[in-house]
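S.K.: File name work-v2.csv; file contents CSV, C-alpha atoms; full text below.
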```csv
chain,number,residue,atom,x,y,z
V,828,TYR,CA,-10.4,115.6,44.2
V,829,ARG,CA,-8.8,114.6,40.9
V,830,PHE,CA,-5.0,115.0,40.8
V,831,GLY,CA,-3.5,116.5,37.7
V,832,ALA,CA,-6.7,118.0,36.5
V,833,ALA,CA,-6.4,121.7,35.5
V,834,ARG,CA,-10.0,122.8,35.9
V,835,SER,CA,-11.1,126.3,36.6
V,836,GLY,CA,-14.5,126.9,38.1
V,837,PRO,CA,-16.7,129.9,37.4
V,838,ALA,CA,-15.5,133.2,38.8
V,839,ILE,CA,-17.4,134.3,42.0
V,840,PRO,CA,-18.3,138.0,41.6
V,841,SER,CA,-17.7,140.4,44.5
V,842,PRO,CA,-20.9,141.3,46.3
V,843,ALA,CA,-22.2,144.7,45.3
V,844,TYR,CA,-22.7,147.2,48.1
V,845,ASP,CA,-25.7,149.5,48.1
V,846,TRP,CA,-24.3,152.9,49.1
V,847,SER,CA,-27.8,154.6,49.4
V,848,GLY,CA,-28.9,155.5,52.9
V,849,PHE,CA,-28.2,157.5,56.0
V,850,TYR,CA,-25.1,156.9,58.1
V,851,LEU,CA,-23.2,157.8,61.3
V,852,GLY,CA,-19.5,157.8,61.4
V,853,ALA,CA,-16.5,158.4,63.6
V,854,SER,CA,-12.9,159.0,62.7
V,855,VAL,CA,-9.5,159.8,64.1
V,856,GLY,CA,-6.6,161.4,62.4
V,857,ALA,CA,-3.6,163.7,62.3
V,858,GLY,CA,-2.9,167.0,60.7
V,859,GLU,CA,-0.7,170.0,60.2
V,860,SER,CA,-1.7,173.6,60.5
V,861,VAL,CA,-0.2,176.3,58.3
V,862,ASN,CA,-0.7,179.8,59.6
V,863,ASP,CA,0.2,182.9,57.5
V,864,VAL,CA,0.9,186.0,59.6
V,865,SER,CA,1.0,189.6,58.3
V,866,LEU,CA,2.5,192.5,60.3
V,867,GLY,CA,1.5,195.9,59.1
V,868,GLY,CA,0.9,194.7,55.6
V,869,VAL,CA,4.7,194.9,55.1
V,870,ILE,CA,6.0,191.7,56.7
V,871,ASP,CA,4.4,188.4,55.7
V,872,ILE,CA,5.5,185.3,57.5
V,873,ASN,CA,4.2,182.3,55.6
V,874,GLY,CA,3.9,178.8,57.0
V,875,ILE,CA,4.1,179.0,60.8
V,876,SER,CA,3.2,175.3,61.2
V,877,GLY,CA,2.4,172.7,63.8
V,878,ASP,CA,0.8,169.3,64.1
V,879,GLY,CA,-1.4,167.3,66.3
V,880,LEU,CA,-4.3,164.7,66.5
V,881,LEU,CA,-8.0,165.1,65.8
V,882,GLY,CA,-11.3,163.3,66.4
V,883,GLU,CA,-14.5,163.6,64.5
V,884,LEU,CA,-18.2,162.5,64.4
V,885,SER,CA,-20.2,162.7,61.2
V,886,ALA,CA,-23.7,162.1,59.8
V,887,GLY,CA,-24.8,162.1,56.2
V,888,TYR,CA,-26.7,160.6,53.3
V,889,ASP,CA,-25.4,159.0,50.1
V,890,HIS,CA,-27.4,158.0,47.0
V,891,ASP,CA,-26.1,155.2,44.8
V,892,PHE,CA,-26.6,156.0,41.1
V,893,GLY,CA,-25.1,152.8,39.8
V,894,SER,CA,-21.6,153.6,38.7
V,895,PHE,CA,-21.2,156.6,40.9
V,896,VAL,CA,-22.4,157.9,44.3
V,897,ALA,CA,-23.2,161.4,45.5
V,898,GLY,CA,-24.1,162.6,49.0
V,899,LEU,CA,-24.1,165.3,51.7
V,900,MET,CA,-22.5,165.2,55.2
V,901,VAL,CA,-22.0,167.2,58.3
V,902,ASP,CA,-19.3,166.7,60.9
V,903,GLY,CA,-18.0,168.1,64.1
V,904,ASN,CA,-14.4,167.8,65.2
V,905,VAL,CA,-12.1,168.4,68.2
V,906,SER,CA,-8.4,169.0,67.5
V,907,GLY,CA,-5.1,169.2,69.3
V,908,ILE,CA,-3.3,170.7,66.3
V,909,SER,CA,-1.2,173.7,67.4
V,910,ALA,CA,1.8,175.7,66.1
V,911,ASN,CA,4.4,177.3,68.3
V,912,LEU,CA,4.9,181.0,68.2
V,913,GLY,CA,7.6,181.9,70.7
V,914,PRO,CA,6.3,181.1,74.2
V,915,SER,CA,2.7,180.8,73.0
V,916,SER,CA,0.8,178.8,70.3
V,917,LEU,CA,-1.7,179.1,67.5
V,918,LYS,CA,-4.3,176.4,68.1
V,919,SER,CA,-7.2,174.9,66.1
V,920,ASP,CA,-9.4,173.5,68.8
V,921,TYR,CA,-12.8,172.6,67.3
V,922,GLY,CA,-15.0,173.1,64.3
V,923,PHE,CA,-17.6,171.7,61.9
V,924,ASP,CA,-18.0,171.1,58.2
V,925,ILE,CA,-20.9,170.9,55.7
V,926,LEU,CA,-19.7,168.9,52.7
V,927,GLY,CA,-20.8,167.3,49.5
V,928,ARG,CA,-19.1,164.4,47.8
V,929,VAL,CA,-19.1,162.6,44.5
V,930,GLY,CA,-17.4,159.2,44.0
V,931,MET,CA,-16.8,156.5,41.4
V,932,LYS,CA,-16.9,152.8,42.2
V,933,VAL,CA,-13.5,151.2,41.7
V,934,ASN,CA,-15.2,147.8,42.3
V,935,PRO,CA,-18.6,146.7,43.5
V,936,SER,CA,-17.8,147.5,47.2
V,937,SER,CA,-15.2,150.3,47.1
V,938,LEU,CA,-15.6,154.0,46.3
V,939,ALA,CA,-13.0,156.6,45.4
V,940,TYR,CA,-14.4,160.1,45.9
V,941,VAL,CA,-13.7,163.9,46.0
V,942,LEU,CA,-15.4,166.3,48.4
V,943,GLY,CA,-15.8,170.0,49.1
V,944,GLY,CA,-17.8,172.5,51.0
V,945,TYR,CA,-18.1,174.9,53.9
V,946,SER,CA,-16.0,174.8,57.1
V,947,TRP,CA,-16.1,176.7,60.4
V,948,GLY,CA,-13.3,176.6,62.9
V,949,HIS,CA,-12.5,178.0,66.4
V,950,PHE,CA,-9.0,179.1,67.1
V,951,LYS,CA,-6.8,180.5,69.8
V,952,SER,CA,-3.7,182.6,69.6
V,953,PRO,CA,-1.6,185.0,71.6
V,954,THR,CA,-3.3,188.4,71.9
V,955,PRO,CA,-1.3,190.8,69.7
V,956,LEU,CA,-1.8,193.9,71.8
V,957,GLY,CA,-1.8,192.6,75.3
V,958,PRO,CA,-1.3,189.6,77.6
V,959,GLY,CA,-3.5,186.5,77.6
V,960,ASN,CA,-5.1,184.5,74.8
V,961,GLU,CA,-7.4,185.6,72.0
V,962,ASP,CA,-10.2,183.3,70.9
V,963,TRP,CA,-11.9,183.7,67.5
V,964,SER,CA,-13.9,181.8,64.9
V,965,SER,CA,-13.6,181.9,61.2
V,966,SER,CA,-15.5,180.5,58.1
V,967,GLY,CA,-13.7,178.9,55.1
V,968,PHE,CA,-13.8,175.9,52.8
V,969,SER,CA,-12.5,172.4,52.6
V,970,VAL,CA,-11.6,170.2,49.6
V,971,GLY,CA,-10.2,166.7,49.5
V,972,GLY,CA,-10.7,163.1,48.6
V,973,GLY,CA,-10.6,159.6,49.9
V,974,LEU,CA,-11.2,155.9,49.5
V,975,GLU,CA,-13.9,154.0,51.3
V,976,THR,CA,-14.7,150.2,51.2
V,977,ALA,CA,-17.5,148.1,52.7
V,978,VAL,CA,-16.4,145.7,55.4
V,979,SER,CA,-19.9,144.3,56.1
V,980,THR,CA,-23.5,144.9,55.0
V,981,HIS,CA,-23.8,148.1,57.0
V,982,THR,CA,-20.3,149.2,57.8
V,983,THR,CA,-17.5,150.9,55.7
V,984,LEU,CA,-13.9,151.7,56.5
V,985,GLY,CA,-12.3,154.7,54.8
V,986,ILE,CA,-9.2,157.0,54.6
V,987,GLU,CA,-9.5,160.6,53.7
V,988,TYR,CA,-7.3,163.7,53.0
V,989,ARG,CA,-8.6,167.3,53.4
V,990,TYR,CA,-7.2,170.8,52.9
V,991,ALA,CA,-9.1,173.6,54.8
V,992,LYS,CA,-8.5,177.3,54.5
V,993,PHE,CA,-10.1,180.0,56.7
V,994,ALA,CA,-10.6,183.8,56.5
V,995,ASP,CA,-8.0,185.9,58.2
V,996,GLU,CA,-8.5,187.6,61.6
V,997,ASP,CA,-7.0,191.0,62.4
V,998,PHE,CA,-8.0,191.3,66.1
V,999,ASN,CA,-9.4,194.8,65.6
V,1000,THR,CA,-6.0,196.2,64.7
V,1001,GLY,CA,-7.2,197.6,61.4
V,1002,GLY,CA,-5.1,195.1,59.5
V,1003,LEU,CA,-1.8,195.8,61.4
V,1004,PHE,CA,-1.7,192.2,62.6
V,1005,LYS,CA,-3.4,189.3,60.8
V,1006,ILE,CA,-3.5,185.5,61.0
V,1007,GLU,CA,-4.8,183.4,58.2
V,1008,PRO,CA,-5.2,179.7,59.2
V,1009,SER,CA,-5.2,176.6,57.0
V,1010,SER,CA,-4.6,172.9,57.5
V,1011,HIS,CA,-3.8,169.6,55.9
V,1012,THR,CA,-5.4,166.6,57.6
V,1013,VAL,CA,-5.7,162.8,57.1
V,1014,ARG,CA,-8.2,160.7,58.9
V,1015,VAL,CA,-9.3,157.0,59.1
V,1016,GLY,CA,-12.9,156.3,60.0
V,1017,LEU,CA,-15.8,153.8,60.2
V,1018,LYS,CA,-19.3,154.5,59.1
V,1019,TYR,CA,-22.5,152.6,59.9
V,1020,LYS,CA,-25.3,152.8,57.3
V,1021,PHE,CA,-28.9,152.3,58.6
V,1022,ASN,CA,-30.6,151.0,55.4
```
Write the structure described by the file as structure tokens, please.
M.R.:
Amino acid sequence: YRFGAARSGPAIPSPAYDWSGFYLGASVGAGESVNDVSLGGVIDINGISGDGLLGELSAGYDHDFGSFVAGLMVDGNVSGISANLGPSSLKSDYGFDILGRVGMKVNPSSLAYVLGGYSWGHFKSPTPLGPGNEDWSSSGFSVGGGLETAVSTHTTLGIEYRYAKFADEDFNTGGLFKIEPSSHTVRVGLKYKFN
């Protein structure tokens, strides 16, 4: 070592991560449900909300095009997100998504992306015309975005936001009583890429 010498060595570039390949992932997160309720088409109650935690498993494929990445994924989730409605609750308990995503590399090993696609959810609510609970399922869509970065040759860590909206359910009341669920969620997850 030479004291007093102001020498700068060559810059060491960040290793590039190849995003192409199949992967499995797992994530945990939290979210808020926002349920719009309509009574007789006259009274609209917007934003009956609640929060909770969720867990998710996913599988997908990405292709690295150089400066950007595109891919498809499917996931399944279980949720504890529920909103209070008097003595009962409106609950989102499980579902799945089929999503596409496109991302731009912010550096050789990190990706900022947007996503969107089909969502299906299963819900529970108080029965509007009698005692007990009413279960139903609904299709909808999800949109969102996130940031993902490689932490090893085969592993990435990411954070993601999604907004999901589902079709309304009238419980065979002819539109006298309707619930339209939606949600905002944030999740943190790990993915393992196989090749």
S.K.: How would you write as a PyMOL selection string the residues that get within 10 Å of (-21.6, 154.1, 39.0) in the file's frame, counting all atoms listed in the file?
M.R.: chain V and resi 891-897+930-935+938
S.K.: Between V:Val929, V:Leu881, V:Val869, V:Leu851, which one has atoms that come closest to Val901 of chain V, using only C-alpha atoms?
M.R.: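 Checking each of V:Val929, V:Leu881, V:Val869, V:Leu851 against Val901 of chain V, counting only C-alpha atoms, the winner is V:Leu851.
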S.K.: Could you give me, as a ChimeraX atom specification, the residues within 6 Å of His949 of chain V, counting all atoms listed in the file and dropping anything in the same chain fewer than 3 positions from it?
M.R.: /V:920-922,963-964
S.K.: Give me the segment 896-915 of chain V side of the contact with segment 871-876 of chain V, cut-off 10 Å, one line per residue showing its nearest atom pair and distance in Å at one decimal, counting all atoms listed in the file, sorted by chain and residue number, as JSON lines.
M.R.:
```
{"residue": "V:Ile908", "atom": "CA", "partner": "V:Ser876", "partner_atom": "CA", "distance": 9.5}
{"residue": "V:Ser909", "atom": "CA", "partner": "V:Ser876", "partner_atom": "CA", "distance": 7.8}
{"residue": "V:Ala910", "atom": "CA", "partner": "V:Ser876", "partner_atom": "CA", "distance": 5.1}
{"residue": "V:Asn911", "atom": "CA", "partner": "V:Ser876", "partner_atom": "CA", "distance": 7.5}
{"residue": "V:Leu912", "atom": "CA", "partner": "V:Ile875", "partner_atom": "CA", "distance": 7.7}
```
S.K.: Could you pull the residues within 12 Å of Asp995 of chain V, counting only C-alpha atoms, minus those fewer than 2 positions along the same chain, as a list of chain:residue names?
M.R.: V:Asn862, V:Asp863, V:Val864, V:Ser865, V:Gly948, V:Phe950, V:Trp963, V:Ser964, V:Ser965, V:Ser966, V:Gly967, V:Lys992, V:Phe993, V:Asp997, V:Phe998, V:Asn999, V:Gly1002, V:Phe1004, V:Lys1005, V:Ile1006, V:Glu1007, V:Pro1008, V:Ser1009
S.K.: Would you compute the distance between atom CA of Arg928 of chain V and atom CA of Tyr988 of chain V? Give it in Å to one decimal.
M.R.: 12.9 Å
S.K.: Determine the nearest neighbour of Lys918 of chain V from the options V:Leu899, V:Ala939, V:Leu884, V:Val861, counting all atoms listed in the file.
M.R.: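 For Lys918 of chain V, the nearest of the given residues is V:Val861.
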S.K.: Excluding Ser937 of chain V and any residue of its chain fewer than 5 positions from it, enumerate the residues within 10 Å of it, using all atoms listed in the file, and give them as a list in words.
M.R.: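 The neighbour list is Ala843, Tyr844, Trp846, Gly930, Met931, Lys932, Leu974, Glu975, Thr976, Ala977, Val978, Thr983, Leu984 and Gly985 of chain V.
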S.K.: If you measure from atom CA of Asp924 of chain V to atom CA of Leu1017 of chain V, what distance in Å do you get, rounded to one decimal?
M.R.: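 Distance between the two atoms: 17.6 Å.
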S.K.: Counting all atoms listed in the file, figure out which residue out of V:Met900, V:Glu961, V:Ser979, V:Val905 gets nearest to Leu942 of chain V.
M.R.: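 Distance minimum relative to Leu942 of chain V lands on V:Met900.
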S.K.: So, counting only C-alpha atoms, which residue among V:Tyr945, V:Thr1012, V:Thr1000, V:Gly972 is closest to Ser860 of chain V?
M.R.: V:Thr1012
S.K.: Considering all atoms listed in the file, state which residue in the set V:Ile986, V:Ala994, V:Val941, V:Ala853 is at the smallest distance from Gly887 of chain V.
M.R.: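 Checking each of V:Ile986, V:Ala994, V:Val941, V:Ala853 against Gly887 of chain V, counting all atoms listed in the file, the winner is V:Ala853.
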S.K.: Please compute the atom CA of Glu859 of chain V-atom CA of Val970 of chain V distance, one decimal, in Å.
M.R.: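 Computing the Euclidean distance for atom CA of Glu859 of chain V and atom CA of Val970 of chain V yields 15.2 Å.
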S.K.: Nearest to Ser919 of chain V: which of V:Ser885, V:Gly943, V:Tyr850, V:Asp962 is it, counting all atoms listed in the file?
M.R.: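 Looking only at the distances to Ser919 of chain V, the closest residue turns out to be V:Asp962.
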